[in-house]
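Undergrad: Let me begin by handing over the structure; questions about it come next.
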Amino acid sequence: MAAAHDTATRVHEDEMHLGHPPQQHHEGHDHEDGHEHAFVLVEVLRVLFVAVAAAAVWFHLWEPFHRVSVIGLAATLIGGYPIFKEAVENIIERRMTMELSMTIALVSALAIGEFFTALVITAFVLAAEILEGLTVGRGRRAIQDMLEFLPQVASVLRNGQIVEVPTQTIDPGEVVVIRPGSRIPVDGQVVSGHSFVEEAAITGEPMPSEKTAGKEVFAGTINQAGSLQVRADRLGKETTFGKIIEAVEKAEHSRAPIQKMADRLAGYLVYFALGAAVLTFLITHNIRSTISVIIVAGACGIAAGTPLAILGAIGRAARHGSIIKGGIYLEALGQLNTVFLDKTGTLTFGMPLVTEVNPAPSVTESALIEAAASAESSSEHPLGRAIVRLAEQRSIPVPQPTHFEYRIGRGVRAEVEGEETVAGNRLLFTELGLALPERSAAEGTEIFVARNGKYIGSVVVADQLRPGSASAVKALQEMKIDVVLLTGDTRQTAEAVAGQLGIRNVHAELLPEQKSAQIAEQVREGRVVAMLGDGINDAPALSEATVGVAMGAGTDVARESADVVLIGNDLMKFIETVRVAKSCRAVILQNFYGTLIVDTIGIGLAAAGYLNPLLAAFIHVASELTFILNSTRLLPPRESQPITGQEEIPVPV
């Protein structure tokens with residue numbers, strides 16, 4: 001099918017205008033819709049023209065030449081122009097496609113005087129192209145529809161007046177007025193006002209975030225109450241929401257290995273059909289059976305259905321808050337057999353609370369907390385942030401360090417008011433040659449603190465499991481996927497968490513390089529491995545895995561290293577993504593095997609003389625449309641729903 005196959009391959013080449021501001025997105029979208037409607041109108045008129053010509057041939061109207069229908073010949077050449085054009089291009093490119101085989105069939109039908117058959121075949125093919133083109137077009141628009149969440153018009157403060165302007169005319173630095181209930185069009189900083197903003201589409205946090213002067217807001221989020229004046233810092237594709245869309249668009253442009261295999265299989269089917277036709281003619285000398293063999297074979301169900309299934313799956317995952325960065329990762333998720341999970345921030349909230357403060361003799365709790373919080377004040381690690389929050393809650397002053405060093409997987413060293421302060425685990429203290437007292441293992445993660453080389457106490461921090469963690473682990477195990485817990489925490493803490501979640505395979509007290517080594521070993525053994533993490537120390541492991549999955553509220557380094565990014569931190573989004581990937585693979589394989597079965601049976605019946613060219617054309621078109629429509633099951637629903645990542649989070653006391 002010329003147009004359908006052409007549309008399918010160009011799904012990965014079309015411009016989606018992400019580089020333009022939001023209003024231009026809509027203009028480009030409307031312009032593209034206009035072109036699509038014009039295309040459909042032209043093709044419908046072409047089908048009607050061929051149908052009228054077929055009726056004229058059937059009633060033998062205007063046949064000035066013996067055994068030659070001028071109407072039939074002219075209508076086939078004019079109506080079949082898209083098919084012939086594609087066939088010529090394929091010959092130039094030395095590619096064997098269904099368009100070339102259909103051209104051979106049409107020319108053969110005309111050569112033996114089967115003008116009515118040629119016209120009916122042409123009409124069937126053109127009608128099928130319209131339906132297939134519309135279906136693939138819907139898949140392409142499914143991603144673009146996400147842009148509808150960005151406002152087309154914004155209120156801007158200019159010359160002391162509030163004016164309504166198209167979003168693409170806003171300049172960086174201008175002040176945008178955000179009214180209650182409206183969606184924010186830019187990334188920027190609040191300059192005045194007080195409100196609460198629902199940011200689940202970006203951060204995954206369910207609770208509205210309070211916004212006052214100096215706070216940051218994101219495009220695509222919703223202002224719930226109160227008016228805000230926001231300085232526009234980033235517009236269009238530079239916004240956080242724009243980067244989410246950009247990641248999905250890049251995924252569309254990628255080609256999964258299974259899609260390349262589909263293209264090769266489509267070519268092989270054409271060779272097989274032509275070979276079977278030659279063999280049929282040599283054995284039967286029946287030109288009608290020979291033409292039927294060529295006509296009945298169809299590979300567009302594979303060639304167009306495979307990219308459509310991949311596009312639909314990526315779009316569906318994006319609607320549910322999972323950004324897959326390429327078709328290759330979607331395919332890998334469909335074959336997943338091992339998942340490695342980090343603990344902190346992935347299975348747990350990553351916002352732990354301090355449960356114990358154990359000062360050394362002659363050291364006060366306040367002094368211990370002050371030292372630990374000062375050392376951790378420049379750290380992004382959730383355990384360090386918990387200590388800083390405790391200091392803030394107790395109104396303990398936290399001097400800022402003049403020097404800070406982060407030891408991945410171990411802890412921190414800092415110089416605070418001229419004194420060296422160390423906060424970390426036993427590995428760090430052993431490396432630095434610092435003595436530690438013998439004490440029983442804590443129910444949580446114990447952070448030891450030393451000042452000027454002297455141990456001054458420890459702080460125990462305990463994380464809390466996310467409500468969806470147990471369900472996610474159970475769902476993975478039900479899909480026959482091995483679940484492994486990798487963590488740098490103590491074995492006691494790791495096994496306690498694993499026990500609550502039903503994870504039997506646990507590796508604790510690991511450094512980042514040891515996590516990477518564990519994953520690399522599994523990959524070398526041929527297993528398809530996913531790694532889920534959210535921190536800087538997870539980046540090497542994410543890169544080593546077949547598919548690295550970052551929690552959306554994690555660090556920028558983790559998100560950049562990952563192949564899949566979850567909006568927010570709901571692990572069930574990953575489960576849904578795996579299910580979508582497996583469904584995508586199942587649909588593609590259904591199309592593969594279905595096409596092979598139909599073509600094999602059809603070619604056999606045609607060669608035996610049981611199919612005439614008309615019936616062969618009907619089977620060809622019907623089977624291909626069935627497989628194309630099978631792929632559309634993966635397309636996201638037409639109703640645009642915002643990307644969310646909501647979950648309940650504990651509020652520290």
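Chain labels A, B, ... are given in the sequence in which chains occur in the structure tokens; within each chain residues are numbered consecutively from 1, and ligands are likewise numbered from 1 in the order shown.
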Might you pull out every residue within 9 Å of Leu485 (chain A), with only C-alpha atoms counted and same-chain residues fewer than 5 positions away left off, and present them as a list in words?

TA: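 Using only C-alpha atoms, the neighbours found are Val339, Phe340, Leu341, Asp342, Lys343, Ala494, Ala498, Ile503, Arg504, Asn505, Val506, His507 and Ala508 of chain A.
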
Undergrad: What does the structure give for the distance between CA of Ala375 (chain A) and CA of Ala423 (chain A), in Å to one decimal?

TA: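 Distance reported for this atom pair: 6.7 Å.
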
Undergrad: For Ala581 (chain A), list every protein, DNA or RNA residue within 6 Å, evaluated using only C-alpha atoms, and leave out those in the same chain fewer than 2 positions away; present the list as a list in words.

TA: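 Listed by chain and then number, they are Leu330, Leu333, Gly334, Val578, Arg579, Ser583 and Cys584 of chain A.
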
Undergrad: Please save all heavy atoms of the selected residues as a PDB file, in the first residue's frame.

TA:
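Okay, this is what ended up in result_31.pdb:
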```
ATOM      1  N   LEU A 330      11.695   0.433  24.426  1.00  0.00           N
ATOM      2  CA  LEU A 330      10.357  -0.149  24.492  1.00  0.00           C
ATOM      3  C   LEU A 330      10.424  -1.639  24.186  1.00  0.00           C
ATOM      4  O   LEU A 330       9.810  -2.464  24.881  1.00  0.00           O
ATOM      5  CB  LEU A 330       9.432   0.555  23.498  1.00  0.00           C
ATOM      6  CG  LEU A 330       8.016  -0.012  23.392  1.00  0.00           C
ATOM      7  CD1 LEU A 330       7.216   0.339  24.636  1.00  0.00           C
ATOM      8  CD2 LEU A 330       7.320   0.516  22.147  1.00  0.00           C
ATOM      9  N   LEU A 333      11.958  -3.529  27.120  1.00  0.00           N
ATOM     10  CA  LEU A 333      11.013  -3.692  28.229  1.00  0.00           C
ATOM     11  C   LEU A 333      10.023  -4.814  27.946  1.00  0.00           C
ATOM     12  O   LEU A 333       9.547  -5.482  28.861  1.00  0.00           O
ATOM     13  CB  LEU A 333      10.267  -2.378  28.473  1.00  0.00           C
ATOM     14  CG  LEU A 333      11.063  -1.249  29.126  1.00  0.00           C
ATOM     15  CD1 LEU A 333      10.244   0.039  29.143  1.00  0.00           C
ATOM     16  CD2 LEU A 333      11.489  -1.619  30.537  1.00  0.00           C
ATOM     17  N   GLY A 334       9.713  -5.021  26.678  1.00  0.00           N
ATOM     18  CA  GLY A 334       8.799  -6.096  26.317  1.00  0.00           C
ATOM     19  C   GLY A 334       9.387  -7.474  26.537  1.00  0.00           C
ATOM     20  O   GLY A 334       8.653  -8.472  26.583  1.00  0.00           O
ATOM     21  N   VAL A 578       5.796  -1.513  31.552  1.00  0.00           N
ATOM     22  CA  VAL A 578       6.208  -2.870  31.174  1.00  0.00           C
ATOM     23  C   VAL A 578       5.044  -3.606  30.517  1.00  0.00           C
ATOM     24  O   VAL A 578       5.217  -4.306  29.513  1.00  0.00           O
ATOM     25  CB  VAL A 578       6.726  -3.644  32.401  1.00  0.00           C
ATOM     26  CG1 VAL A 578       6.999  -5.097  32.047  1.00  0.00           C
ATOM     27  CG2 VAL A 578       7.998  -2.990  32.940  1.00  0.00           C
ATOM     28  N   ARG A 579       3.858  -3.425  31.067  1.00  0.00           N
ATOM     29  CA  ARG A 579       2.678  -4.086  30.481  1.00  0.00           C
ATOM     30  C   ARG A 579       2.407  -3.568  29.067  1.00  0.00           C
ATOM     31  O   ARG A 579       2.080  -4.347  28.163  1.00  0.00           O
ATOM     32  CB  ARG A 579       1.462  -3.857  31.375  1.00  0.00           C
ATOM     33  CG  ARG A 579       1.502  -4.681  32.664  1.00  0.00           C
ATOM     34  CD  ARG A 579       0.384  -4.305  33.607  1.00  0.00           C
ATOM     35  NE  ARG A 579       0.401  -5.149  34.814  1.00  0.00           N
ATOM     36  CZ  ARG A 579      -0.170  -4.817  35.960  1.00  0.00           C
ATOM     37  NH1 ARG A 579      -0.815  -3.662  36.073  1.00  0.00           N
ATOM     38  NH2 ARG A 579      -0.117  -5.633  36.998  1.00  0.00           N
ATOM     39  N   SER A 583       2.531  -5.743  25.693  1.00  0.00           N
ATOM     40  CA  SER A 583       1.384  -5.744  24.777  1.00  0.00           C
ATOM     41  C   SER A 583       1.817  -5.357  23.373  1.00  0.00           C
ATOM     42  O   SER A 583       1.352  -5.937  22.385  1.00  0.00           O
ATOM     43  CB  SER A 583       0.309  -4.778  25.284  1.00  0.00           C
ATOM     44  OG  SER A 583      -0.217  -5.192  26.523  1.00  0.00           O
ATOM     45  N   CYS A 584       2.712  -4.380  23.280  1.00  0.00           N
ATOM     46  CA  CYS A 584       3.223  -3.940  21.981  1.00  0.00           C
ATOM     47  C   CYS A 584       3.931  -5.083  21.271  1.00  0.00           C
ATOM     48  O   CYS A 584       3.698  -5.337  20.080  1.00  0.00           O
ATOM     49  CB  CYS A 584       4.167  -2.753  22.167  1.00  0.00           C
ATOM     50  SG  CYS A 584       4.907  -2.139  20.632  1.00  0.00           S
TER      51      CYS A 584
END
```

Undergrad: What is the distance, in Å and to one decimal place, between CA of Gln518 (chain A) and CA of Arg426 (chain A)?

TA: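 Interatomic distance here is 21.9 Å.
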
Undergrad: Which region 485-566 of chain A residues have any atom within 8 Å of an atom of region 456-473 of chain A, and for each, what is the nearest pair of atoms with distance in Å to one decimal, counting only C-alpha atoms, rows sorted by chain and number, as JSON lines?

TA:
```
{"residue": "A:Val497", "atom": "CA", "partner": "A:Leu465", "partner_atom": "CA", "distance": 7.9}
{"residue": "A:Gln500", "atom": "CA", "partner": "A:Ala470", "partner_atom": "CA", "distance": 7.5}
{"residue": "A:Leu501", "atom": "CA", "partner": "A:Ala470", "partner_atom": "CA", "distance": 4.8}
{"residue": "A:Gly502", "atom": "CA", "partner": "A:Val473", "partner_atom": "CA", "distance": 7.5}
{"residue": "A:Ile503", "atom": "CA", "partner": "A:Val473", "partner_atom": "CA", "distance": 7.5}
```

Undergrad: May I ask which of the residues A:Phe115, A:Leu311, A:Arg319, A:Val40 is the closest one to Gln259 (chain A), counting only C-alpha atoms?

TA: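 The closest residue to Gln259 (chain A) is A:Leu311.
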
Undergrad: If we count only C-alpha atoms, what is near Val120 (chain A) at a cut-off of 12 Å, once residues fewer than 3 positions away on the same chain are taken out, given as a ChimeraX atom specification?

TA: /A:47-55,57-58,72,75-76,79-80,106,109,114-117,123-127,295,613-618,621

Undergrad: What are the DSSP helix (DSSP H, G or I) residues of region 31-167 of chain A, as JSON, numbers by chain?

TA: {"A": [31, 32, 33, 34, 35, 36, 37, 38, 39, 40, 41, 42, 43, 44, 45, 46, 47, 48, 49, 50, 51, 52, 53, 54, 55, 56, 57, 58, 70, 71, 72, 73, 74, 75, 76, 77, 78, 79, 81, 82, 83, 84, 85, 86, 87, 88, 89, 90, 91, 92, 98, 99, 100, 101, 102, 103, 104, 105, 106, 107, 108, 109, 110, 111, 115, 116, 117, 118, 119, 120, 121, 122, 123, 124, 125, 126, 127, 128, 129, 130, 131, 132, 133, 134, 135, 136, 137, 138, 139, 140, 141, 142, 143, 144, 145, 146, 147, 148, 149, 167]}

Undergrad: Write out as a PyMOL selection string all residues of region 146-373 of chain A that backbone DSSP assigns to strand (DSSP E or B).

TA: chain A and resi 153-158+161-166+175-178+183+187-193+195-198+209-211+216-217+222-225+228-234+322-324+338-342+348+353-359

Undergrad: Which residue is closest to Thr348 (chain A)? Choose from A:Leu571, A:Ala303, A:Val483, A:Ala520 and count only C-alpha atoms.

TA: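 Between A:Leu571, A:Ala303, A:Val483, A:Ala520, the residue approaching Thr348 (chain A) most closely is A:Leu571.
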
Undergrad: Could you tell me how far CA of Thr284 (chain A) lies from CA of Arg95 (chain A), in Å and to one decimal?

TA: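 We find that CA of Thr284 (chain A) and CA of Arg95 (chain A) lie 29.0 Å from each other.
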
Undergrad: Using only C-alpha atoms, determine which residues lie at most 6 Å from Glu198 (chain A), disregarding the query and same-chain residues fewer than 4 positions distant; provide the list as a ChimeraX atom specification.

TA: /A:208,221-222

Undergrad: Identify, on the basis of only C-alpha atoms, every residue whose closest approach to Thr346 (chain A) does not exceed 8 Å; exclude the query and any residue fewer than 5 positions from it along the same chain; express the result as a PDB file with all heavy atoms, in the first residue's frame.

TA:
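Writing done, so here's out_34.pdb:
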```pdb
ATOM      1  N   LEU A 341      16.390  -2.921  41.748  1.00  0.00           N
ATOM      2  CA  LEU A 341      15.774  -1.762  42.390  1.00  0.00           C
ATOM      3  C   LEU A 341      16.715  -1.155  43.413  1.00  0.00           C
ATOM      4  O   LEU A 341      17.256  -1.860  44.271  1.00  0.00           O
ATOM      5  CB  LEU A 341      14.472  -2.173  43.091  1.00  0.00           C
ATOM      6  CG  LEU A 341      13.351  -2.745  42.211  1.00  0.00           C
ATOM      7  CD1 LEU A 341      12.241  -3.296  43.086  1.00  0.00           C
ATOM      8  CD2 LEU A 341      12.810  -1.675  41.286  1.00  0.00           C
ATOM      9  N   LEU A 532      16.221   0.561  38.303  1.00  0.00           N
ATOM     10  CA  LEU A 532      15.462   1.730  38.730  1.00  0.00           C
ATOM     11  C   LEU A 532      16.210   2.439  39.843  1.00  0.00           C
ATOM     12  O   LEU A 532      16.583   1.823  40.841  1.00  0.00           O
ATOM     13  CB  LEU A 532      14.068   1.320  39.237  1.00  0.00           C
ATOM     14  CG  LEU A 532      12.978   1.121  38.190  1.00  0.00           C
ATOM     15  CD1 LEU A 532      13.204  -0.171  37.417  1.00  0.00           C
ATOM     16  CD2 LEU A 532      11.595   1.098  38.839  1.00  0.00           C
ATOM     17  N   GLY A 533      16.421   3.736  39.666  1.00  0.00           N
ATOM     18  CA  GLY A 533      17.103   4.532  40.681  1.00  0.00           C
ATOM     19  C   GLY A 533      16.750   5.990  40.548  1.00  0.00           C
ATOM     20  O   GLY A 533      16.054   6.404  39.620  1.00  0.00           O
ATOM     21  N   ASP A 534      17.263   6.807  41.499  1.00  0.00           N
ATOM     22  CA  ASP A 534      16.911   8.231  41.458  1.00  0.00           C
ATOM     23  C   ASP A 534      18.048   9.170  41.831  1.00  0.00           C
ATOM     24  O   ASP A 534      17.905  10.381  41.721  1.00  0.00           O
ATOM     25  CB  ASP A 534      15.720   8.504  42.388  1.00  0.00           C
ATOM     26  CG  ASP A 534      16.140   8.592  43.848  1.00  0.00           C
ATOM     27  OD1 ASP A 534      17.035   7.812  44.258  1.00  0.00           O
ATOM     28  OD2 ASP A 534      15.589   9.437  44.569  1.00  0.00           O
ATOM     29  N   MET A 551      13.527   7.722  38.470  1.00  0.00           N
ATOM     30  CA  MET A 551      12.350   8.320  39.091  1.00  0.00           C
ATOM     31  C   MET A 551      12.365   9.815  38.770  1.00  0.00           C
ATOM     32  O   MET A 551      13.385  10.484  38.896  1.00  0.00           O
ATOM     33  CB  MET A 551      12.378   8.103  40.605  1.00  0.00           C
ATOM     34  CG  MET A 551      12.662   6.665  41.013  1.00  0.00           C
ATOM     35  SD  MET A 551      11.459   5.487  40.374  1.00  0.00           S
ATOM     36  CE  MET A 551      10.112   5.744  41.515  1.00  0.00           C
ATOM     37  N   ASN A 569       7.180   9.620  41.303  1.00  0.00           N
ATOM     38  CA  ASN A 569       7.884   8.481  41.881  1.00  0.00           C
ATOM     39  C   ASN A 569       6.978   7.278  42.126  1.00  0.00           C
ATOM     40  O   ASN A 569       7.262   6.456  42.991  1.00  0.00           O
ATOM     41  CB  ASN A 569       8.544   8.896  43.206  1.00  0.00           C
ATOM     42  CG  ASN A 569       9.682   9.857  42.982  1.00  0.00           C
ATOM     43  OD1 ASN A 569      10.677   9.511  42.365  1.00  0.00           O
ATOM     44  ND2 ASN A 569       9.534  11.086  43.454  1.00  0.00           N
ATOM     45  N   LEU A 571       5.893   3.822  41.474  1.00  0.00           N
ATOM     46  CA  LEU A 571       6.451   2.637  40.825  1.00  0.00           C
ATOM     47  C   LEU A 571       5.435   1.912  39.951  1.00  0.00           C
ATOM     48  O   LEU A 571       5.811   1.204  39.017  1.00  0.00           O
ATOM     49  CB  LEU A 571       6.975   1.661  41.882  1.00  0.00           C
ATOM     50  CG  LEU A 571       8.436   1.844  42.303  1.00  0.00           C
ATOM     51  CD1 LEU A 571       8.782   0.825  43.371  1.00  0.00           C
ATOM     52  CD2 LEU A 571       9.359   1.693  41.115  1.00  0.00           C
TER      53      LEU A 571
END
```
